[in-house]
Amino acid sequence: MELGHFLSAMTPFNIALALFGVIAGTIVGSIPGLTATMALAVLVPITFSMDPASALILLGAIYTGAIYGGAYAAILLNTPGTPSAIATTFDGYPMAKRGDGDLAVALACFASVFGGLVGAFALLLLAPPLSRVALAFGPIEYFWLSVFGLSLIASLSNGNLMKGLAGGAFGMILSTVGVAEISADIRLTFGSQVLIGGFGVVGALIGLYCIPVLIDLVAVPDRHLQVEDNVKSVRIGEAFRLAMRSKFNLIRSSIIGTLVGILPGAGGSVAGLVAYSEAKRTAKPHQRFGEGEPDGILATESANNATVGGGFIPTLVLGIPGTPPDAIVLGALLVQGVRTGPAMFTQSGSIVYTFIYGLLIATVLMLPAGLLIGRYAYKSIVTIPKAVLVPTVGFMTIIGTFSIRNSISDVIIMLCLGVFGWVVARFGFAASPIVLGLILGPIAEQGFVQGWIIGAATNNLVGMFFGRPISQAILAFTIITLILPVFLARKQHNSGMEAD
């Protein structure tokens with residue numbers, strides 16, 4: 001039976017769909033502002049006349065391609081093409097600036113394929129038990145998970161923890177602007193109609209990451225990337241050796257991405273940041289994260305692509321979309337009359353397993369397609385004149401921001417945040433803590449308010465926040481994550497003193 005599903009996925013039509021989906025998703029994901037969600041939303045109507053399994057293969061291929069495509073802009077322009085590529089900018093762009101952008105692109109491709117395969121195999125083998133784990137998460141667990149995510153600010157602060165904490169707090173304040181998640185109160189708009197919709201994550205990403213780069217490109221006469229003459233190819237062999245040397249980092253980050261992917265609402269951006277933080281926490285003394293460390297790219301890209309397979313687990317088994325792209329896939333299935341839920345693996349087993357094998361095939365096809373696209377993307381970005389690059393990227397940022405909600409207000413907010421990000425960067429404030437606070441703020445607020453309401457209604461506030469086993473485990477892990485780096489740094493300092 002399994003062989004029959006595999007052969008169904010291997011038909012020429014399904015392979016062609018997988019290849020087309022990967023290429024289309026990669027191209028769309030590489031454009032700042034055009035996210036995986038938008039790629040799926042634009043292309044989903046063409047699946048309505050297809051067989052459900054073929055439609056799922058196409059959508060899964062677009063999804064995984066778009067997540068990988070976000071790495072191109074992150075590495076070559078210091079702008080996350082998709083929110084999942086936030087942490088890719090930390091080491092990808094420094095590598096590109098020193099002339100290793102071709103190596104960084106190849107590393108991102110290998111890591112994305114590895115993480116995608118781990119997520120797809122988890123979907124194939126572990127879907128039912130992992131879906132029950134997702135069901136055990138309530139509002140309190142999401143609150144503590146957000147607190148754990150905010151503890152990553154220490155890893156994103158570029159050596160200045162207080163400025164990182166200030167940036168994270170500012171991001172959380174930005175996340176409260178507009179209509180409240182639960183009470184629907186209008187907050188911090190100061191009477192402005194522009195701010196009622198709040199600060200969108202994608203618009204903030206584009207503003208805080210892309211606009212400062214464009215300003216610097218205009219202000220600095222030098223070439224924006226250093227590159228050797230006569231570049232003919234991305235450095236595939238060197239990238240493969242580096243990836244194999246960091247097998248443990250790849251495996252750990254892919255597992256993190258899969259587990260984060262099954263949690264509704266978390267997504268690739270959280271997975272990438274968590275994996276990056278863990279890679280940095282366990283780094284060897286000679287590794288310099290944030291200065292062009294290859295392990296940073298491997299951790300982020302393997303984790304955010306593993307969320308694709310992980311996110312499909314609650315979507316297919318429980319009918320609960322883990323991320324916005326999963327919600328679009330779920331809607332496409334409902335249009336075709338396919339009902340998701342625990343019985344789907346028995347009643348519609350042929351559809352599910354054909355799709356999973358198709359997702360595996362699409363992930364494998366992403367290796368040659370990604371390396372080929374990456375080669376031409378790298379050569380184009382590094383050789384294009386500034387007079388063409390800056391207006392083109394600026395135009396794409398405006399179109400990408402406007403197209404999210406068809407709102408000129410989002411464009412104004414994006415430009416203002418961009419100028420603000422450029423100014424505060426001069427004083428040592430990084431954009432990453434601000435974005436992290438903006439992403440995790442709504443999750444933390446919603447979980448806290450719902451948990452408080454439930455705890456007050458049952459007269460058990462302490463038990464609600466501190467008495468649940470999963471919450472205790474997340475809290476303990478958060479404390480360990482905060483204390484362990486201090487302990488290791490002190491131990492290293494004492495060892496150095498003894499050596500002197």
# chains A, B, ... in the order shown; residues from 1 in each chain; ligands from 1
>>> residues_around(residues="Glu445 of chain A", least_positions_apart="2", cutoff="12 Å", atoms="only C-alpha atoms", output="VMD selection string")
chain A and resid 139 to 140 142 to 147 172 to 173 175 to 176 180 to 183 437 to 443 447 to 452
>>> write_last_selection(atoms="N, CA and C atoms", output="PDB file, in the first residue's frame")
ATOM      1  N   PRO A 139      -3.799  28.200  26.586  1.00  0.00           N
ATOM      2  CA  PRO A 139      -3.323  29.594  26.581  1.00  0.00           C
ATOM      3  C   PRO A 139      -2.129  29.827  27.486  1.00  0.00           C
ATOM      4  N   ILE A 140      -2.069  29.146  28.630  1.00  0.00           N
ATOM      5  CA  ILE A 140      -0.940  29.345  29.542  1.00  0.00           C
ATOM      6  C   ILE A 140       0.349  28.839  28.924  1.00  0.00           C
ATOM      7  N   TYR A 142       1.063  28.711  25.801  1.00  0.00           N
ATOM      8  CA  TYR A 142       1.495  29.666  24.780  1.00  0.00           C
ATOM      9  C   TYR A 142       2.104  30.914  25.414  1.00  0.00           C
ATOM     10  N   PHE A 143       1.582  31.309  26.566  1.00  0.00           N
ATOM     11  CA  PHE A 143       2.161  32.455  27.264  1.00  0.00           C
ATOM     12  C   PHE A 143       3.601  32.159  27.679  1.00  0.00           C
ATOM     13  N   TRP A 144       3.810  31.002  28.308  1.00  0.00           N
ATOM     14  CA  TRP A 144       5.163  30.670  28.747  1.00  0.00           C
ATOM     15  C   TRP A 144       6.087  30.414  27.560  1.00  0.00           C
ATOM     16  N   LEU A 145       5.543  29.890  26.475  1.00  0.00           N
ATOM     17  CA  LEU A 145       6.353  29.715  25.273  1.00  0.00           C
ATOM     18  C   LEU A 145       6.808  31.071  24.733  1.00  0.00           C
ATOM     19  N   SER A 146       5.947  32.070  24.807  1.00  0.00           N
ATOM     20  CA  SER A 146       6.326  33.417  24.380  1.00  0.00           C
ATOM     21  C   SER A 146       7.392  34.006  25.303  1.00  0.00           C
ATOM     22  N   VAL A 147       7.248  33.743  26.612  1.00  0.00           N
ATOM     23  CA  VAL A 147       8.272  34.207  27.550  1.00  0.00           C
ATOM     24  C   VAL A 147       9.615  33.570  27.236  1.00  0.00           C
ATOM     25  N   MET A 172       7.212  44.977  21.898  1.00  0.00           N
ATOM     26  CA  MET A 172       5.976  44.530  22.544  1.00  0.00           C
ATOM     27  C   MET A 172       4.969  45.680  22.644  1.00  0.00           C
ATOM     28  N   ILE A 173       5.460  46.888  22.882  1.00  0.00           N
ATOM     29  CA  ILE A 173       4.557  48.045  22.907  1.00  0.00           C
ATOM     30  C   ILE A 173       3.925  48.244  21.530  1.00  0.00           C
ATOM     31  N   SER A 175       3.276  45.989  19.423  1.00  0.00           N
ATOM     32  CA  SER A 175       2.306  44.921  19.181  1.00  0.00           C
ATOM     33  C   SER A 175       0.952  45.199  19.829  1.00  0.00           C
ATOM     34  N   THR A 176       0.907  46.127  20.795  1.00  0.00           N
ATOM     35  CA  THR A 176      -0.363  46.438  21.461  1.00  0.00           C
ATOM     36  C   THR A 176      -1.128  47.567  20.779  1.00  0.00           C
ATOM     37  N   ALA A 180      -7.348  45.473  20.439  1.00  0.00           N
ATOM     38  CA  ALA A 180      -6.879  44.405  21.315  1.00  0.00           C
ATOM     39  C   ALA A 180      -7.366  43.054  20.829  1.00  0.00           C
ATOM     40  N   GLU A 181      -6.556  42.017  21.093  1.00  0.00           N
ATOM     41  CA  GLU A 181      -6.859  40.667  20.612  1.00  0.00           C
ATOM     42  C   GLU A 181      -8.165  40.130  21.195  1.00  0.00           C
ATOM     43  N   ILE A 182      -8.404  40.361  22.481  1.00  0.00           N
ATOM     44  CA  ILE A 182      -9.551  39.730  23.150  1.00  0.00           C
ATOM     45  C   ILE A 182     -10.650  40.737  23.443  1.00  0.00           C
ATOM     46  N   SER A 183     -10.302  41.861  24.066  1.00  0.00           N
ATOM     47  CA  SER A 183     -11.333  42.812  24.493  1.00  0.00           C
ATOM     48  C   SER A 183     -11.811  43.710  23.370  1.00  0.00           C
ATOM     49  N   GLY A 437       9.911  41.141  19.776  1.00  0.00           N
ATOM     50  CA  GLY A 437       8.838  41.606  20.653  1.00  0.00           C
ATOM     51  C   GLY A 437       7.537  41.807  19.910  1.00  0.00           C
ATOM     52  N   LEU A 438       7.612  42.285  18.655  1.00  0.00           N
ATOM     53  CA  LEU A 438       6.410  42.501  17.853  1.00  0.00           C
ATOM     54  C   LEU A 438       5.732  41.185  17.500  1.00  0.00           C
ATOM     55  N   ILE A 439       6.519  40.137  17.238  1.00  0.00           N
ATOM     56  CA  ILE A 439       5.956  38.841  16.874  1.00  0.00           C
ATOM     57  C   ILE A 439       5.342  38.143  18.089  1.00  0.00           C
ATOM     58  N   LEU A 440       6.075  38.150  19.208  1.00  0.00           N
ATOM     59  CA  LEU A 440       5.644  37.378  20.378  1.00  0.00           C
ATOM     60  C   LEU A 440       4.665  38.140  21.266  1.00  0.00           C
ATOM     61  N   GLY A 441       4.586  39.457  21.101  1.00  0.00           N
ATOM     62  CA  GLY A 441       3.693  40.250  21.944  1.00  0.00           C
ATOM     63  C   GLY A 441       2.241  39.787  21.906  1.00  0.00           C
ATOM     64  N   PRO A 442       1.626  39.677  20.719  1.00  0.00           N
ATOM     65  CA  PRO A 442       0.215  39.233  20.685  1.00  0.00           C
ATOM     66  C   PRO A 442       0.009  37.829  21.239  1.00  0.00           C
ATOM     67  N   ILE A 443       0.954  36.910  21.002  1.00  0.00           N
ATOM     68  CA  ILE A 443       0.822  35.550  21.530  1.00  0.00           C
ATOM     69  C   ILE A 443       0.871  35.569  23.052  1.00  0.00           C
ATOM     70  N   GLY A 447      -2.412  34.716  25.484  1.00  0.00           N
ATOM     71  CA  GLY A 447      -2.297  33.617  26.425  1.00  0.00           C
ATOM     72  C   GLY A 447      -2.439  34.067  27.860  1.00  0.00           C
ATOM     73  N   PHE A 448      -1.838  35.226  28.195  1.00  0.00           N
ATOM     74  CA  PHE A 448      -1.906  35.720  29.577  1.00  0.00           C
ATOM     75  C   PHE A 448      -3.335  36.110  29.948  1.00  0.00           C
ATOM     76  N   VAL A 449      -3.998  36.858  29.075  1.00  0.00           N
ATOM     77  CA  VAL A 449      -5.355  37.316  29.384  1.00  0.00           C
ATOM     78  C   VAL A 449      -6.319  36.136  29.496  1.00  0.00           C
ATOM     79  N   GLN A 450      -6.249  35.198  28.566  1.00  0.00           N
ATOM     80  CA  GLN A 450      -7.134  34.035  28.640  1.00  0.00           C
ATOM     81  C   GLN A 450      -6.840  33.205  29.886  1.00  0.00           C
ATOM     82  N   GLY A 451      -5.554  33.013  30.192  1.00  0.00           N
ATOM     83  CA  GLY A 451      -5.201  32.258  31.394  1.00  0.00           C
ATOM     84  C   GLY A 451      -5.669  32.952  32.660  1.00  0.00           C
ATOM     85  N   TRP A 452      -5.550  34.290  32.682  1.00  0.00           N
ATOM     86  CA  TRP A 452      -5.991  35.036  33.869  1.00  0.00           C
ATOM     87  C   TRP A 452      -7.509  34.915  34.049  1.00  0.00           C
TER      88      TRP A 452
END
>>> closest_atom_pairs(of="segment 409-473 of chain A", to="segment 383-394 of chain A", cutoff="12 Å", atoms="only C-alpha atoms", output="Markdown table")
| residue | atom | partner | partner_atom | distance |
| --- | --- | --- | --- | --- |
| A:Val411 | CA | A:Gly394 | CA | 11.4 |
| A:Met414 | CA | A:Gly394 | CA | 11.6 |
| A:Leu415 | CA | A:Gly394 | CA | 10.3 |
| A:Gly418 | CA | A:Gly394 | CA | 11.6 |
>>> write_last_selection(atoms="C-alpha atoms", output="compact mmCIF listing (two decimals), in the first residue's frame")
# COMPACT_ATOMS: atom_id res chain seq x y z
CA VAL A 411 3.36 51.72 3.46
CA MET A 414 6.78 50.77 6.97
CA LEU A 415 8.73 53.84 5.79
CA GLY A 418 12.56 52.07 8.40
>>> residues_around(residues="Ile413 of chain A", least_positions_apart="5", cutoff="8 Å", atoms="only C-alpha atoms", output="JSON, numbers by chain")
{"A": [199, 203, 204]}
>>> write_last_selection(atoms="N, CA and C atoms", output="PDB file, in the first residue's frame")
ATOM      1  N   PHE A 199       0.516  47.489  13.818  1.00  0.00           N
ATOM      2  CA  PHE A 199       1.760  47.329  13.067  1.00  0.00           C
ATOM      3  C   PHE A 199       1.843  45.899  12.559  1.00  0.00           C
ATOM      4  N   GLY A 203       5.149  44.206   7.287  1.00  0.00           N
ATOM      5  CA  GLY A 203       5.503  45.593   7.024  1.00  0.00           C
ATOM      6  C   GLY A 203       6.624  46.080   7.935  1.00  0.00           C
ATOM      7  N   ALA A 204       6.560  45.676   9.217  1.00  0.00           N
ATOM      8  CA  ALA A 204       7.620  46.060  10.152  1.00  0.00           C
ATOM      9  C   ALA A 204       8.945  45.421   9.774  1.00  0.00           C
TER      10      ALA A 204
END
>>> atom_distance(atom1="atom CA of Gly400 of chain A", atom2="atom CA of Ile31 of chain A")
7.9 Å
>>> residues_around(residues="Leu242 of chain A", least_positions_apart="2", cutoff="12 Å", atoms="only C-alpha atoms", output="count of residues only")
26
>>> atom_distance(atom1="atom CA of Val202 of chain A", atom2="atom CA of Asn406 of chain A")
13.2 Å
>>> select_by_dssp(residues="segment 157-302 of chain A", states="strand (DSSP E or B)", output="list in words")
Gly178, Val179, Ile186 and Arg187 of chain A
>>> residues_around(residues="segment 60-70 of chain A", least_positions_apart="4", cutoff="8 Å", atoms="only C-alpha atoms", output="mmCIF file with N, CA and C atoms, in the first residue's frame")
data_model
loop_
_atom_site.group_PDB
_atom_site.id
_atom_site.type_symbol
_atom_site.label_atom_id
_atom_site.label_comp_id
_atom_site.auth_asym_id
_atom_site.auth_seq_id
_atom_site.Cartn_x
_atom_site.Cartn_y
_atom_site.Cartn_z
ATOM 1 N N LEU A 17 4.351 19.155 -11.113
ATOM 2 C CA LEU A 17 3.724 20.088 -10.177
ATOM 3 C C LEU A 17 4.669 20.443 -9.038
ATOM 4 N N ALA A 18 5.363 19.434 -8.518
ATOM 5 C CA ALA A 18 6.289 19.679 -7.416
ATOM 6 C C ALA A 18 7.414 20.609 -7.853
ATOM 7 N N LEU A 19 7.968 20.377 -9.038
ATOM 8 C CA LEU A 19 9.053 21.222 -9.529
ATOM 9 C C LEU A 19 8.570 22.650 -9.787
ATOM 10 N N PHE A 20 7.404 22.783 -10.408
ATOM 11 C CA PHE A 20 6.847 24.114 -10.657
ATOM 12 C C PHE A 20 6.572 24.841 -9.343
ATOM 13 N N GLY A 21 6.015 24.126 -8.367
ATOM 14 C CA GLY A 21 5.706 24.748 -7.087
ATOM 15 C C GLY A 21 6.955 25.233 -6.369
ATOM 16 N N VAL A 22 8.020 24.421 -6.391
ATOM 17 C CA VAL A 22 9.266 24.817 -5.731
ATOM 18 C C VAL A 22 9.856 26.058 -6.397
ATOM 19 N N ILE A 23 9.890 26.076 -7.719
ATOM 20 C CA ILE A 23 10.474 27.233 -8.431
ATOM 21 C C ILE A 23 9.633 28.485 -8.200
ATOM 22 N N ALA A 24 8.310 28.350 -8.339
ATOM 23 C CA ALA A 24 7.435 29.516 -8.139
ATOM 24 C C ALA A 24 7.527 30.026 -6.712
ATOM 25 N N GLY A 25 7.501 29.114 -5.740
ATOM 26 C CA GLY A 25 7.586 29.532 -4.343
ATOM 27 C C GLY A 25 8.908 30.191 -4.021
ATOM 28 N N THR A 26 10.006 29.662 -4.569
ATOM 29 C CA THR A 26 11.326 30.237 -4.308
ATOM 30 C C THR A 26 11.422 31.654 -4.853
ATOM 31 N N ILE A 27 10.912 31.857 -6.054
ATOM 32 C CA ILE A 27 10.973 33.197 -6.666
ATOM 33 C C ILE A 27 10.121 34.185 -5.879
ATOM 34 N N VAL A 28 8.901 33.781 -5.518
ATOM 35 C CA VAL A 28 8.026 34.684 -4.765
ATOM 36 C C VAL A 28 8.602 34.962 -3.384
ATOM 37 N N GLY A 29 9.106 33.913 -2.704
ATOM 38 C CA GLY A 29 9.647 34.095 -1.367
ATOM 39 C C GLY A 29 10.873 34.975 -1.326
ATOM 40 N N SER A 30 11.610 35.070 -2.433
ATOM 41 C CA SER A 30 12.825 35.883 -2.449
ATOM 42 C C SER A 30 12.537 37.370 -2.556
ATOM 43 N N ILE A 31 11.306 37.737 -2.874
ATOM 44 C CA ILE A 31 10.945 39.149 -3.006
ATOM 45 C C ILE A 31 10.449 39.672 -1.666
ATOM 46 N N PRO A 32 11.089 40.685 -1.088
ATOM 47 C CA PRO A 32 10.661 41.200 0.215
ATOM 48 C C PRO A 32 9.193 41.608 0.206
ATOM 49 N N THR A 35 5.156 36.988 0.895
ATOM 50 C CA THR A 35 5.389 35.885 1.806
ATOM 51 C C THR A 35 4.881 34.575 1.227
ATOM 52 N N ALA A 36 5.142 33.478 1.961
ATOM 53 C CA ALA A 36 4.625 32.170 1.567
ATOM 54 C C ALA A 36 3.101 32.180 1.550
ATOM 55 N N THR A 37 2.492 32.908 2.478
ATOM 56 C CA THR A 37 1.034 32.999 2.521
ATOM 57 C C THR A 37 0.498 33.624 1.240
ATOM 58 N N ALA A 39 2.029 33.736 -1.686
ATOM 59 C CA ALA A 39 2.278 32.837 -2.809
ATOM 60 C C ALA A 39 1.187 31.779 -2.916
ATOM 61 N N LEU A 40 0.789 31.216 -1.783
ATOM 62 C CA LEU A 40 -0.266 30.206 -1.784
ATOM 63 C C LEU A 40 -1.615 30.823 -2.133
ATOM 64 N N LEU A 56 -2.578 19.141 -3.167
ATOM 65 C CA LEU A 56 -1.775 19.241 -1.956
ATOM 66 C C LEU A 56 -0.285 19.251 -2.278
ATOM 67 N N ALA A 74 17.561 37.756 2.453
ATOM 68 C CA ALA A 74 18.174 37.874 3.775
ATOM 69 C C ALA A 74 19.695 37.893 3.670
ATOM 70 N N PRO A 80 14.826 40.068 5.246
ATOM 71 C CA PRO A 80 14.159 38.765 5.183
ATOM 72 C C PRO A 80 13.088 38.750 4.094
ATOM 73 N N GLY A 81 13.249 37.870 3.105
ATOM 74 C CA GLY A 81 12.219 37.761 2.072
ATOM 75 C C GLY A 81 10.905 37.322 2.660
ATOM 76 N N THR A 82 10.968 36.459 3.673
ATOM 77 C CA THR A 82 9.789 36.040 4.439
ATOM 78 C C THR A 82 10.129 36.190 5.918
ATOM 79 N N PRO A 83 9.111 36.291 6.802
ATOM 80 C CA PRO A 83 9.416 36.411 8.240
ATOM 81 C C PRO A 83 10.262 35.265 8.772
ATOM 82 N N SER A 84 10.177 34.092 8.161
ATOM 83 C CA SER A 84 10.950 32.944 8.634
ATOM 84 C C SER A 84 12.449 33.151 8.504
ATOM 85 N N ALA A 85 12.871 34.070 7.658
ATOM 86 C CA ALA A 85 14.295 34.271 7.392
ATOM 87 C C ALA A 85 14.908 35.381 8.239
ATOM 88 N N ALA A 108 22.405 27.706 2.765
ATOM 89 C CA ALA A 108 20.964 27.837 3.004
ATOM 90 C C ALA A 108 20.193 26.757 2.257
ATOM 91 N N CYS A 109 20.635 26.436 1.053
ATOM 92 C CA CYS A 109 19.940 25.416 0.257
ATOM 93 C C CYS A 109 20.078 24.040 0.892
ATOM 94 N N SER A 112 18.042 23.942 4.116
ATOM 95 C CA SER A 112 16.603 23.928 3.856
ATOM 96 C C SER A 112 16.130 22.542 3.427
ATOM 97 N N GLY A 116 13.650 20.338 5.602
ATOM 98 C CA GLY A 116 12.400 19.947 4.966
ATOM 99 C C GLY A 116 12.186 18.444 4.980
ATOM 100 N N GLU A 301 17.937 28.014 8.672
ATOM 101 C CA GLU A 301 17.281 27.515 7.472
ATOM 102 C C GLU A 301 16.768 26.089 7.635
ATOM 103 N N ASN A 304 13.464 26.574 9.941
ATOM 104 C CA ASN A 304 12.249 27.159 9.357
ATOM 105 C C ASN A 304 11.656 26.278 8.261
ATOM 106 N N ASN A 305 12.476 25.480 7.569
ATOM 107 C CA ASN A 305 11.894 24.559 6.586
ATOM 108 C C ASN A 305 11.310 23.325 7.241
ATOM 109 N N VAL A 308 7.510 23.353 7.929
ATOM 110 C CA VAL A 308 6.526 23.068 6.882
ATOM 111 C C VAL A 308 5.868 21.725 7.157
ATOM 112 N N PRO A 325 -0.119 29.955 6.089
ATOM 113 C CA PRO A 325 -0.127 29.117 4.881
ATOM 114 C C PRO A 325 -0.892 27.815 5.074
ATOM 115 N N LEU A 359 5.518 15.717 -0.980
ATOM 116 C CA LEU A 359 6.265 16.754 -0.266
ATOM 117 C C LEU A 359 7.735 16.373 -0.143
ATOM 118 N N ALA A 362 9.237 17.009 -3.555
ATOM 119 C CA ALA A 362 9.422 18.448 -3.775
ATOM 120 C C ALA A 362 10.629 18.967 -3.006
ATOM 121 N N THR A 363 10.842 18.447 -1.789
ATOM 122 C CA THR A 363 11.989 18.883 -0.993
ATOM 123 C C THR A 363 13.295 18.457 -1.638
ATOM 124 N N MET A 366 14.101 20.597 -4.518
ATOM 125 C CA MET A 366 14.518 21.940 -4.133
ATOM 126 C C MET A 366 16.041 22.073 -4.142
#
>>> decode(residues="segment 416-434 of chain A", atoms="N, CA, C and O atoms", output="short mmCIF file (atom, residue, chain, number, x, y, z; two decimals), in the first residue's frame")
data_model
loop_
_atom_site.label_atom_id
_atom_site.label_comp_id
_atom_site.auth_asym_id
_atom_site.auth_seq_id
_atom_site.Cartn_x
_atom_site.Cartn_y
_atom_site.Cartn_z
N CYS A 416 8.21 54.85 7.94
CA CYS A 416 8.55 55.50 9.22
C CYS A 416 9.38 54.56 10.10
O CYS A 416 10.37 54.98 10.72
N LEU A 417 8.98 53.28 10.17
CA LEU A 417 9.76 52.33 10.95
C LEU A 417 11.16 52.16 10.36
O LEU A 417 12.13 51.96 11.10
N GLY A 418 11.26 52.21 9.02
CA GLY A 418 12.56 52.07 8.40
C GLY A 418 13.51 53.19 8.78
O GLY A 418 14.67 52.95 9.13
N VAL A 419 13.02 54.42 8.72
CA VAL A 419 13.85 55.56 9.12
C VAL A 419 14.19 55.47 10.60
O VAL A 419 15.34 55.72 11.01
N PHE A 420 13.21 55.08 11.42
CA PHE A 420 13.45 54.91 12.86
C PHE A 420 14.53 53.84 13.09
O PHE A 420 15.45 54.04 13.92
N GLY A 421 14.43 52.71 12.38
CA GLY A 421 15.42 51.65 12.54
C GLY A 421 16.81 52.09 12.15
O GLY A 421 17.81 51.72 12.79
N TRP A 422 16.91 52.91 11.08
CA TRP A 422 18.21 53.40 10.65
C TRP A 422 18.82 54.34 11.70
O TRP A 422 20.02 54.28 11.97
N VAL A 423 17.99 55.18 12.30
CA VAL A 423 18.48 56.13 13.31
C VAL A 423 18.95 55.39 14.56
O VAL A 423 20.07 55.62 15.04
N VAL A 424 18.12 54.48 15.10
CA VAL A 424 18.50 53.81 16.35
C VAL A 424 19.68 52.87 16.14
O VAL A 424 20.42 52.58 17.08
N ALA A 425 19.86 52.36 14.91
CA ALA A 425 21.02 51.51 14.63
C ALA A 425 22.32 52.27 14.83
O ALA A 425 23.35 51.69 15.19
N ARG A 426 22.27 53.59 14.60
CA ARG A 426 23.47 54.42 14.82
C ARG A 426 23.85 54.45 16.30
O ARG A 426 24.99 54.74 16.64
N PHE A 427 22.90 54.17 17.18
CA PHE A 427 23.16 54.18 18.62
C PHE A 427 23.29 52.77 19.20
O PHE A 427 23.25 52.59 20.42
N GLY A 428 23.42 51.78 18.33
CA GLY A 428 23.69 50.43 18.81
C GLY A 428 22.47 49.58 19.09
O GLY A 428 22.60 48.50 19.69
N PHE A 429 21.28 50.01 18.68
CA PHE A 429 20.07 49.22 18.89
C PHE A 429 19.81 48.37 17.64
O PHE A 429 19.71 48.90 16.54
N ALA A 430 19.70 47.06 17.84
CA ALA A 430 19.48 46.15 16.72
C ALA A 430 17.99 46.04 16.43
O ALA A 430 17.14 46.23 17.31
N ALA A 431 17.67 45.70 15.17
CA ALA A 431 16.25 45.55 14.79
C ALA A 431 15.67 44.24 15.29
O ALA A 431 14.46 44.14 15.52
N SER A 432 16.49 43.22 15.48
CA SER A 432 15.98 41.88 15.80
C SER A 432 15.19 41.82 17.10
O SER A 432 14.11 41.22 17.13
N PRO A 433 15.65 42.40 18.22
CA PRO A 433 14.82 42.37 19.43
C PRO A 433 13.47 43.08 19.24
O PRO A 433 12.46 42.64 19.80
N ILE A 434 13.46 44.16 18.46
CA ILE A 434 12.19 44.86 18.22
C ILE A 434 11.22 43.95 17.49
O ILE A 434 10.04 43.82 17.85
#
